[in-house]
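File shown here: structure35.cif, holding mmCIF, C-alpha atoms.
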```cif
data_entry
loop_
_atom_site.group_PDB
_atom_site.id
_atom_site.type_symbol
_atom_site.label_atom_id
_atom_site.label_comp_id
_atom_site.auth_asym_id
_atom_site.auth_seq_id
_atom_site.Cartn_x
_atom_site.Cartn_y
_atom_site.Cartn_z
ATOM 1 C CA MET A 1 98.477 149.567 -13.501
ATOM 2 C CA MET A 2 98.285 150.713 -17.097
ATOM 3 C CA LEU A 3 96.959 148.114 -19.434
ATOM 4 C CA ALA A 4 97.472 147.791 -23.134
ATOM 5 C CA GLU A 5 94.293 148.337 -25.057
ATOM 6 C CA ASN A 6 94.064 144.685 -26.025
ATOM 7 C CA VAL A 7 94.166 143.302 -22.501
ATOM 8 C CA VAL A 8 91.184 142.123 -20.460
ATOM 9 C CA GLU A 9 91.639 141.188 -16.817
ATOM 10 C CA LEU A 10 89.384 139.443 -14.368
ATOM 11 C CA THR A 11 89.973 138.639 -10.717
ATOM 12 C CA ILE A 12 87.858 136.119 -8.848
ATOM 13 C CA ALA A 13 87.825 134.729 -5.359
ATOM 14 C CA SER A 14 88.685 131.033 -5.054
ATOM 15 C CA GLN A 15 85.186 129.678 -5.487
ATOM 16 C CA LEU A 16 84.114 127.160 -8.087
ATOM 17 C CA GLU A 17 80.938 129.169 -8.654
ATOM 18 C CA PHE A 18 83.002 131.880 -10.334
ATOM 19 C CA ILE A 19 84.479 129.586 -12.971
ATOM 20 C CA ASP A 20 81.426 129.979 -15.177
ATOM 21 C CA LEU A 21 81.945 133.735 -14.998
ATOM 22 C CA VAL A 22 85.443 133.298 -16.401
ATOM 23 C CA THR A 23 84.356 130.932 -19.151
ATOM 24 C CA THR A 24 81.518 133.251 -20.159
ATOM 25 C CA LEU A 25 84.055 136.033 -20.590
ATOM 26 C CA THR A 26 86.292 133.595 -22.469
ATOM 27 C CA ASP A 27 83.457 132.817 -24.878
ATOM 28 C CA ASN A 28 82.838 136.522 -25.432
ATOM 29 C CA ILE A 29 86.499 137.140 -26.213
ATOM 30 C CA THR A 30 86.969 134.161 -28.536
ATOM 31 C CA SER A 31 83.798 135.149 -30.395
ATOM 32 C CA MET A 32 84.931 138.747 -30.623
ATOM 33 C CA VAL A 33 88.307 137.867 -32.103
ATOM 34 C CA GLY A 34 86.827 135.377 -34.549
ATOM 35 C CA PHE A 35 87.784 131.904 -33.389
ATOM 36 C CA ASP A 36 85.650 129.210 -34.956
ATOM 37 C CA GLU A 37 83.128 127.397 -32.774
ATOM 38 C CA GLU A 38 85.275 124.298 -32.294
ATOM 39 C CA SER A 39 88.379 126.246 -31.278
ATOM 40 C CA ALA A 40 86.338 128.461 -28.982
ATOM 41 C CA TYR A 41 84.889 125.413 -27.217
ATOM 42 C CA TRP A 42 88.306 123.961 -26.463
ATOM 43 C CA ILE A 43 89.794 127.312 -25.441
ATOM 44 C CA ASN A 44 86.880 127.608 -23.032
ATOM 45 C CA MET A 45 87.775 124.219 -21.615
ATOM 46 C CA ALA A 46 91.490 125.012 -21.297
ATOM 47 C CA VAL A 47 90.658 128.187 -19.390
ATOM 48 C CA ARG A 48 88.158 126.298 -17.225
ATOM 49 C CA GLU A 49 90.768 123.672 -16.362
ATOM 50 C CA SER A 50 93.424 126.239 -15.511
ATOM 51 C CA VAL A 51 91.105 128.270 -13.290
ATOM 52 C CA ALA A 52 89.765 125.133 -11.586
ATOM 53 C CA ASN A 53 93.351 124.055 -10.873
ATOM 54 C CA ALA A 54 94.138 127.483 -9.453
ATOM 55 C CA VAL A 55 91.091 127.361 -7.155
ATOM 56 C CA GLU A 56 91.473 123.740 -6.088
ATOM 57 C CA HIS A 57 95.184 122.949 -6.082
ATOM 58 C CA GLY A 58 96.729 126.427 -6.032
ATOM 59 C CA ASN A 59 94.646 128.377 -3.566
ATOM 60 C CA LYS A 60 93.096 125.269 -1.985
ATOM 61 C CA TYR A 61 89.664 126.913 -1.924
ATOM 62 C CA ASP A 62 90.908 129.746 0.302
ATOM 63 C CA THR A 63 88.426 132.470 -0.604
ATOM 64 C CA GLN A 64 90.826 135.085 0.725
ATOM 65 C CA LYS A 65 93.137 134.233 -2.145
ATOM 66 C CA SER A 66 92.289 135.415 -5.610
ATOM 67 C CA VAL A 67 92.737 133.918 -9.038
ATOM 68 C CA ASP A 68 93.850 136.489 -11.570
ATOM 69 C CA ILE A 69 93.059 135.919 -15.221
ATOM 70 C CA ARG A 70 94.427 138.007 -18.055
ATOM 71 C CA PHE A 71 93.483 137.754 -21.716
ATOM 72 C CA THR A 72 95.837 139.404 -24.189
ATOM 73 C CA ILE A 73 94.522 139.664 -27.727
ATOM 74 C CA GLY A 74 97.515 139.776 -30.014
ATOM 75 C CA VAL A 75 97.867 140.002 -33.748
ATOM 76 C CA ASP A 76 98.956 136.404 -33.961
ATOM 77 C CA ALA A 77 97.426 134.749 -30.917
ATOM 78 C CA LEU A 78 95.184 134.940 -27.923
ATOM 79 C CA ARG A 79 97.191 134.601 -24.745
ATOM 80 C CA VAL A 80 95.674 133.743 -21.389
ATOM 81 C CA THR A 81 97.482 133.807 -18.063
ATOM 82 C CA VAL A 82 96.007 132.438 -14.860
ATOM 83 C CA ARG A 83 97.699 133.175 -11.567
ATOM 84 C CA ASP A 84 97.013 131.648 -8.195
ATOM 85 C CA HIS A 85 98.427 132.636 -4.823
ATOM 86 C CA GLY A 86 99.252 129.194 -3.506
ATOM 87 C CA GLU A 87 102.482 127.454 -2.622
ATOM 88 C CA GLY A 88 103.378 126.538 -6.189
ATOM 89 C CA PHE A 89 104.425 123.222 -7.635
ATOM 90 C CA ASP A 90 106.733 121.668 -10.198
ATOM 91 C CA PRO A 91 104.612 120.462 -13.138
ATOM 92 C CA ALA A 92 107.374 118.031 -14.093
ATOM 93 C CA THR A 93 106.641 116.024 -10.949
ATOM 94 C CA LEU A 94 102.974 115.432 -11.777
ATOM 95 C CA PRO A 95 101.981 111.855 -12.671
ATOM 96 C CA ASP A 96 101.547 111.132 -16.379
ATOM 97 C CA PRO A 97 97.800 110.498 -16.872
ATOM 98 C CA LEU A 98 98.588 108.382 -19.950
ATOM 99 C CA ASP A 99 100.765 105.977 -18.005
ATOM 100 C CA PRO A 100 98.848 102.678 -17.938
ATOM 101 C CA ASN A 101 99.168 102.643 -14.153
ATOM 102 C CA ASN A 102 97.416 106.019 -13.957
ATOM 103 C CA LEU A 103 94.659 105.573 -16.535
ATOM 104 C CA LEU A 104 92.000 104.930 -13.916
ATOM 105 C CA ASN A 105 93.063 107.701 -11.574
ATOM 106 C CA PRO A 106 90.129 109.959 -10.739
ATOM 107 C CA ALA A 107 92.161 113.136 -11.318
ATOM 108 C CA GLY A 108 95.214 114.493 -13.089
ATOM 109 C CA ARG A 109 93.998 115.029 -16.666
ATOM 110 C CA GLY A 110 93.406 118.788 -16.682
ATOM 111 C CA ILE A 111 96.889 119.875 -17.757
ATOM 112 C CA LEU A 112 96.950 117.251 -20.508
ATOM 113 C CA TYR A 113 93.707 118.681 -21.879
ATOM 114 C CA MET A 114 95.113 122.209 -21.670
ATOM 115 C CA ARG A 115 98.242 121.173 -23.556
ATOM 116 C CA THR A 116 96.113 119.390 -26.154
ATOM 117 C CA PHE A 117 93.738 122.250 -26.856
ATOM 118 C CA MET A 118 96.145 125.179 -26.707
ATOM 119 C CA ASP A 119 99.235 125.791 -28.844
ATOM 120 C CA GLY A 120 101.406 126.628 -25.865
ATOM 121 C CA VAL A 121 101.131 126.038 -22.122
ATOM 122 C CA ASP A 122 103.870 127.090 -19.718
ATOM 123 C CA TYR A 123 104.106 127.209 -15.952
ATOM 124 C CA GLU A 124 106.278 129.464 -13.864
ATOM 125 C CA ARG A 125 106.456 130.562 -10.281
ATOM 126 C CA HIS A 126 105.468 134.150 -9.648
ATOM 127 C CA PRO A 127 108.258 136.031 -7.838
ATOM 128 C CA GLU A 128 105.760 137.148 -5.209
ATOM 129 C CA GLY A 129 104.309 133.667 -4.759
ATOM 130 C CA GLY A 130 101.902 131.392 -6.528
ATOM 131 C CA MET A 131 101.987 129.932 -9.981
ATOM 132 C CA ILE A 132 101.249 131.440 -13.350
ATOM 133 C CA VAL A 133 100.091 129.322 -16.229
ATOM 134 C CA SER A 134 100.474 130.997 -19.603
ATOM 135 C CA MET A 135 98.503 129.609 -22.512
ATOM 136 C CA SER A 136 98.336 130.708 -26.117
ATOM 137 C CA LYS A 137 96.192 129.885 -29.095
ATOM 138 C CA ARG A 138 97.143 131.042 -32.555
ATOM 139 C CA ARG A 139 94.585 133.046 -34.438
ATOM 140 C CA ALA A 140 93.682 132.235 -37.997
ATOM 141 C CA PRO A 141 95.284 134.671 -40.439
ATOM 142 C CA LYS A 142 93.528 137.795 -41.701
ATOM 143 C CA GLN A 143 91.555 138.350 -38.510
ATOM 144 C CA PRO A 144 91.769 142.015 -37.573
ATOM 145 C CA ILE A 145 92.431 143.000 -33.995
ATOM 146 C CA PRO A 146 89.143 144.181 -32.499
ATOM 147 C CA ASP A 147 88.983 147.827 -31.590
ATOM 148 C CA LEU A 148 89.150 147.953 -27.807
ATOM 149 C CA SER A 149 90.264 151.559 -27.746
ATOM 150 C CA GLU A 150 87.406 152.603 -25.485
ATOM 151 C CA GLY A 151 89.791 152.031 -22.595
ATOM 152 C CA ASP A 152 90.815 149.342 -20.175
ATOM 153 C CA HIS A 153 88.481 146.405 -19.774
ATOM 154 C CA LYS A 154 88.747 145.208 -16.246
ATOM 155 C CA HIS A 155 86.267 143.105 -14.326
ATOM 156 C CA ASP A 156 86.594 142.335 -10.677
ATOM 157 C CA ALA A 157 84.339 139.684 -9.210
ATOM 158 C CA VAL A 158 85.514 140.151 -5.635
ATOM 159 C CA GLY A 159 84.480 143.767 -5.523
ATOM 160 C CA ASN A 160 87.827 145.470 -5.031
ATOM 161 C CA MET B 161 71.378 122.666 -10.668
ATOM 162 C CA GLN B 162 74.176 121.823 -13.089
ATOM 163 C CA LEU B 163 73.011 118.335 -13.907
ATOM 164 C CA GLU B 164 69.541 116.830 -14.124
ATOM 165 C CA ILE B 165 69.420 113.061 -13.719
ATOM 166 C CA ARG B 166 66.325 111.026 -14.546
ATOM 167 C CA GLU B 167 66.264 107.408 -13.475
ATOM 168 C CA ARG B 168 64.536 104.762 -15.553
ATOM 169 C CA ASN B 169 64.397 101.035 -14.882
ATOM 170 C CA VAL B 170 64.374 98.507 -17.696
ATOM 171 C CA GLY B 171 64.243 95.098 -16.084
ATOM 172 C CA ASP B 172 67.196 94.906 -13.747
ATOM 173 C CA VAL B 173 69.110 97.582 -15.638
ATOM 174 C CA VAL B 174 69.001 101.218 -14.548
ATOM 175 C CA VAL B 175 69.291 103.907 -17.181
ATOM 176 C CA LEU B 176 70.351 107.307 -15.867
ATOM 177 C CA GLU B 177 69.375 109.990 -18.352
ATOM 178 C CA MET B 178 71.686 112.937 -17.809
ATOM 179 C CA PHE B 179 71.096 116.522 -18.895
ATOM 180 C CA GLY B 180 73.454 119.439 -18.332
ATOM 181 C CA LYS B 181 77.060 119.719 -17.277
ATOM 182 C CA ILE B 182 79.322 117.238 -15.520
ATOM 183 C CA THR B 183 81.977 119.596 -14.244
ATOM 184 C CA ILE B 184 83.999 120.224 -11.112
ATOM 185 C CA GLY B 185 81.769 120.740 -8.105
ATOM 186 C CA GLU B 186 78.040 120.174 -8.224
ATOM 187 C CA GLY B 187 77.739 118.243 -11.493
ATOM 188 C CA SER B 188 80.404 115.696 -10.599
ATOM 189 C CA LEU B 189 78.985 115.284 -7.096
ATOM 190 C CA GLN B 190 75.487 114.684 -8.470
ATOM 191 C CA LEU B 191 76.801 111.899 -10.682
ATOM 192 C CA ARG B 192 78.711 110.370 -7.757
ATOM 193 C CA ASP B 193 75.651 110.454 -5.510
ATOM 194 C CA ALA B 194 73.313 109.017 -8.139
ATOM 195 C CA VAL B 195 75.519 106.023 -8.887
ATOM 196 C CA GLY B 196 76.360 105.598 -5.200
ATOM 197 C CA LYS B 197 72.677 105.309 -4.282
ATOM 198 C CA LEU B 198 72.114 102.678 -6.955
ATOM 199 C CA LEU B 199 75.053 100.594 -5.766
ATOM 200 C CA ASP B 200 73.938 100.954 -2.131
ATOM 201 C CA GLY B 201 70.589 99.521 -3.212
ATOM 202 C CA GLY B 202 72.240 96.583 -4.906
ATOM 203 C CA ARG B 203 71.554 97.811 -8.439
ATOM 204 C CA ASN B 204 74.789 97.481 -10.329
ATOM 205 C CA LYS B 205 73.755 97.231 -13.978
ATOM 206 C CA ILE B 206 73.917 100.864 -14.995
ATOM 207 C CA ILE B 207 73.698 102.745 -18.268
ATOM 208 C CA LEU B 208 74.607 106.423 -18.308
ATOM 209 C CA ASN B 209 72.817 108.131 -21.177
ATOM 210 C CA LEU B 210 75.071 111.094 -21.942
ATOM 211 C CA GLY B 211 73.152 112.324 -24.963
ATOM 212 C CA GLY B 212 71.872 115.358 -23.052
ATOM 213 C CA VAL B 213 75.203 116.272 -21.493
ATOM 214 C CA THR B 214 76.389 119.561 -22.914
ATOM 215 C CA TYR B 215 79.769 119.865 -21.227
ATOM 216 C CA VAL B 216 82.222 117.650 -19.381
ATOM 217 C CA ASP B 217 85.528 118.804 -17.932
ATOM 218 C CA SER B 218 88.456 116.790 -16.552
ATOM 219 C CA SER B 219 86.697 116.485 -13.204
ATOM 220 C CA GLY B 220 83.661 115.030 -14.966
ATOM 221 C CA ILE B 221 85.814 112.590 -16.898
ATOM 222 C CA GLY B 222 87.472 111.620 -13.625
ATOM 223 C CA GLU B 223 84.066 111.069 -12.066
ATOM 224 C CA LEU B 224 83.019 108.796 -14.938
ATOM 225 C CA VAL B 225 86.206 106.785 -14.400
ATOM 226 C CA SER B 226 85.593 106.589 -10.653
ATOM 227 C CA ARG B 227 81.996 105.456 -11.063
ATOM 228 C CA HIS B 228 83.127 102.878 -13.626
ATOM 229 C CA THR B 229 85.603 101.519 -11.087
ATOM 230 C CA THR B 230 83.252 101.523 -8.096
ATOM 231 C CA THR B 231 80.515 99.814 -10.112
ATOM 232 C CA LYS B 232 82.945 97.168 -11.309
ATOM 233 C CA ASN B 233 84.187 96.651 -7.755
ATOM 234 C CA ALA B 234 80.551 96.158 -6.710
ATOM 235 C CA GLY B 235 80.270 93.310 -9.185
ATOM 236 C CA GLY B 236 78.399 95.295 -11.801
ATOM 237 C CA ARG B 237 78.973 97.206 -15.009
ATOM 238 C CA LEU B 238 78.572 100.842 -15.941
ATOM 239 C CA LYS B 239 78.153 101.544 -19.646
ATOM 240 C CA LEU B 240 77.940 104.760 -21.613
ATOM 241 C CA LEU B 241 75.172 105.522 -24.076
ATOM 242 C CA HIS B 242 75.146 108.307 -26.682
ATOM 243 C CA PRO B 243 78.283 110.177 -25.605
ATOM 244 C CA THR B 244 78.716 113.307 -27.690
ATOM 245 C CA LYS B 245 81.653 113.647 -30.059
ATOM 246 C CA LYS B 246 83.331 116.028 -27.624
ATOM 247 C CA ILE B 247 83.013 113.556 -24.762
ATOM 248 C CA LYS B 248 84.500 110.868 -26.983
ATOM 249 C CA ASP B 249 87.302 113.247 -27.908
ATOM 250 C CA LEU B 250 88.073 113.761 -24.221
ATOM 251 C CA LEU B 251 88.041 110.020 -23.597
ATOM 252 C CA MET B 252 90.284 109.388 -26.594
ATOM 253 C CA ILE B 253 92.854 112.007 -25.580
ATOM 254 C CA THR B 254 93.222 110.338 -22.194
ATOM 255 C CA LYS B 255 93.203 106.799 -23.614
ATOM 256 C CA LEU B 256 89.907 105.987 -21.914
ATOM 257 C CA LEU B 257 87.860 105.032 -24.966
ATOM 258 C CA THR B 258 88.691 101.368 -24.480
ATOM 259 C CA VAL B 259 88.110 101.507 -20.730
ATOM 260 C CA PHE B 260 84.412 102.186 -21.172
ATOM 261 C CA GLU B 261 81.851 100.110 -22.988
ATOM 262 C CA ILE B 262 80.171 102.638 -25.260
ATOM 263 C CA HIS B 263 76.867 102.183 -27.103
ATOM 264 C CA GLU B 264 74.993 104.299 -29.612
ATOM 265 C CA ASP B 265 71.815 102.217 -29.378
ATOM 266 C CA GLU B 266 69.940 101.784 -26.111
ATOM 267 C CA GLN B 267 68.529 98.365 -26.920
ATOM 268 C CA ALA B 268 71.998 97.105 -27.745
ATOM 269 C CA ALA B 269 73.245 98.515 -24.461
ATOM 270 C CA LEU B 270 70.425 96.778 -22.582
ATOM 271 C CA ASP B 271 70.985 93.496 -24.422
ATOM 272 C CA SER B 272 74.677 93.595 -23.570
ATOM 273 C CA PHE B 273 73.837 92.979 -19.923
ATOM 274 C CA GLN B 274 72.143 89.667 -20.713
#
```

Any chance you could give the structure as C-alpha cells?
Amino acid sequence: MMLAENVVELTIASQLEFIDLVTTLTDNITSMVGFDEESAYWINMAVRESVANAVEHGNKYDTQKSVDIRFTIGVDALRVTVRDHGEGFDPATLPDPLDPNNLLNPAGRGILYMRTFMDGVDYERHPEGGMIVSMSKRRAPKQPIPDLSEGDHKHDAVGN
Amino acid sequence: MQLEIRERNVGDVVVLEMFGKITIGEGSLQLRDAVGKLLDGGRNKIILNLGGVTYVDSSGIGELVSRHTTTKNAGGRLKLLHPTKKIKDLLMITKLLTVFEIHEDEQAALDSFQ
C-alpha cells in the first residue's frame, strides 16, 4: 500500500510486552513534530491506553491477531489510529467511570483518559472486522511539518 | 522488572517504597501481590510511597483502587504518600482524589494510623 510521506505505521502482535515499543515510537514522533513535554506525556498515555485496549479487550490476547497503529503527521494535528481484529463493541454501552456507583471499579477508565488527553477520539467498526479508534491532537501553530521525504516509515514487530 | 518494591516496617505500619511503572501487566500484578502478601500476613496498615513511580496507566490506577478496597475490606487502611502531580491528575480526572487518603509527609502519614 502506498503511504503518504507523513505516515508512520507499526504492527504488533497482541502482547503487552510490545506496548512499550509503540509508546517509544510515539515519544519519538511527538518529539520530532515539536509537542511540548507535557502534551507528549499525555499523548503517550492515550496511545498506551488505546493499544492496551486493543490487545486486552479487542484481540483478547490472541497473538495471532495484530494491532495496527498508524501515525499521521498533519499540518494541524497528529492523528493516531489503532485497529484491532476483535469482535468489536459499542462504546456507548460502556459504563461511565465517573458514575458514583462505578468509582471503585477496578477497570473502565482508559477511554476517559484518552478523551481527556486528546482533542478528538472516535470509534468505528472496520468493514473487515475489528474496531478502529481514531485520535487527534492539535499541533501548536508555526510548527513545520518534518521532512519525512526519505520514503515510507514502516515498522513491523511481528516480522511480516 | 517494571516495578521495584521495597518494604519497610515502622511499628505496625508497612511502608512500600515503589520505583518504576505501575502499568498493565507486570507492574500492576507486582503491586497486587505485594499488598496481598501483607494482608495475608495480617498487616493491614499500609502506606504506598509513590514518589519513585514514573508512570501509571489506567490499569495501575485501577490496581490502586482495588488494593484500597481489599485493604479496607480486611479492616485496614491503604494510604498514598508522595504521589506525583501526574498521578494526582489521573486521580482527579476519575474523581478518585477523595477516595484515597493522600499525604506529602511520611511522619504525618504514619501518625494518621494512630

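The shell of residues at most 7 Å from Ser134 in chain A, with only C-alpha atoms counted and near chain neighbours (fewer than 3 positions) removed, consists of Val80, Thr81, Val82, Val121, Asp122 and Tyr123 of chain A.
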
Mind writing the picked residues with C-alpha atoms as a PDB file, in the coordinates of the input?
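The resulting file, again-v3.pdb, is shown below:
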```
ATOM      1  CA  VAL A  80      95.674 133.743 -21.389  1.00  0.00           C
ATOM      2  CA  THR A  81      97.482 133.807 -18.063  1.00  0.00           C
ATOM      3  CA  VAL A  82      96.007 132.438 -14.860  1.00  0.00           C
ATOM      4  CA  VAL A 121     101.131 126.038 -22.122  1.00  0.00           C
ATOM      5  CA  ASP A 122     103.870 127.090 -19.718  1.00  0.00           C
ATOM      6  CA  TYR A 123     104.106 127.209 -15.952  1.00  0.00           C
TER       7      TYR A 123
END
```

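With CA of Ser14 in chain A on one side and CA of Asp249 in chain B on the other, the separation reads 29.0 Å.
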
Selected by the PyMOL selection byres ((chain B) within 9 of (chain A)) in the shown coordinates: which residues, as a VMD selection string?
chain B and resid 184 to 185 216 to 219 221 to 226 229 250 253 to 256 259

Evaluated on this file, the PyMOL selection byres ((chain B and resi 191) around 12) picks out some residues - which ones are they, written as a PyMOL selection string?
chain B and resi 162-167+176-190+192-198+208-210+213+216+219-228

Starting from the displayed file, determine the output of the PyMOL selection byres ((chain B and resi 273) around 12) and express the residue list as a ChimeraX atom specification.
/B:170-174,204-207,236-239,261,266-272,274

Grab the residues selected above and save them as a PDB file, keeping the file's coordinate frame with C-alpha atoms.
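Output contents, as saved in result33.pdb:
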```pdb
ATOM      1  CA  VAL B 170      64.374  98.507 -17.696  1.00  0.00           C
ATOM      2  CA  GLY B 171      64.243  95.098 -16.084  1.00  0.00           C
ATOM      3  CA  ASP B 172      67.196  94.906 -13.747  1.00  0.00           C
ATOM      4  CA  VAL B 173      69.110  97.582 -15.638  1.00  0.00           C
ATOM      5  CA  VAL B 174      69.001 101.218 -14.548  1.00  0.00           C
ATOM      6  CA  ASN B 204      74.789  97.481 -10.329  1.00  0.00           C
ATOM      7  CA  LYS B 205      73.755  97.231 -13.978  1.00  0.00           C
ATOM      8  CA  ILE B 206      73.917 100.864 -14.995  1.00  0.00           C
ATOM      9  CA  ILE B 207      73.698 102.745 -18.268  1.00  0.00           C
ATOM     10  CA  GLY B 236      78.399  95.295 -11.801  1.00  0.00           C
ATOM     11  CA  ARG B 237      78.973  97.206 -15.009  1.00  0.00           C
ATOM     12  CA  LEU B 238      78.572 100.842 -15.941  1.00  0.00           C
ATOM     13  CA  LYS B 239      78.153 101.544 -19.646  1.00  0.00           C
ATOM     14  CA  GLU B 261      81.851 100.110 -22.988  1.00  0.00           C
ATOM     15  CA  GLU B 266      69.940 101.784 -26.111  1.00  0.00           C
ATOM     16  CA  GLN B 267      68.529  98.365 -26.920  1.00  0.00           C
ATOM     17  CA  ALA B 268      71.998  97.105 -27.745  1.00  0.00           C
ATOM     18  CA  ALA B 269      73.245  98.515 -24.461  1.00  0.00           C
ATOM     19  CA  LEU B 270      70.425  96.778 -22.582  1.00  0.00           C
ATOM     20  CA  ASP B 271      70.985  93.496 -24.422  1.00  0.00           C
ATOM     21  CA  SER B 272      74.677  93.595 -23.570  1.00  0.00           C
ATOM     22  CA  GLN B 274      72.143  89.667 -20.713  1.00  0.00           C
TER      23      GLN B 274
END
```

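With all atoms listed in the file as the atoms that count, the minimum distance from Ala92 in chain A to the choices A:Glu124, A:Ser50, A:Leu78, A:Thr72 is reached by A:Glu124.
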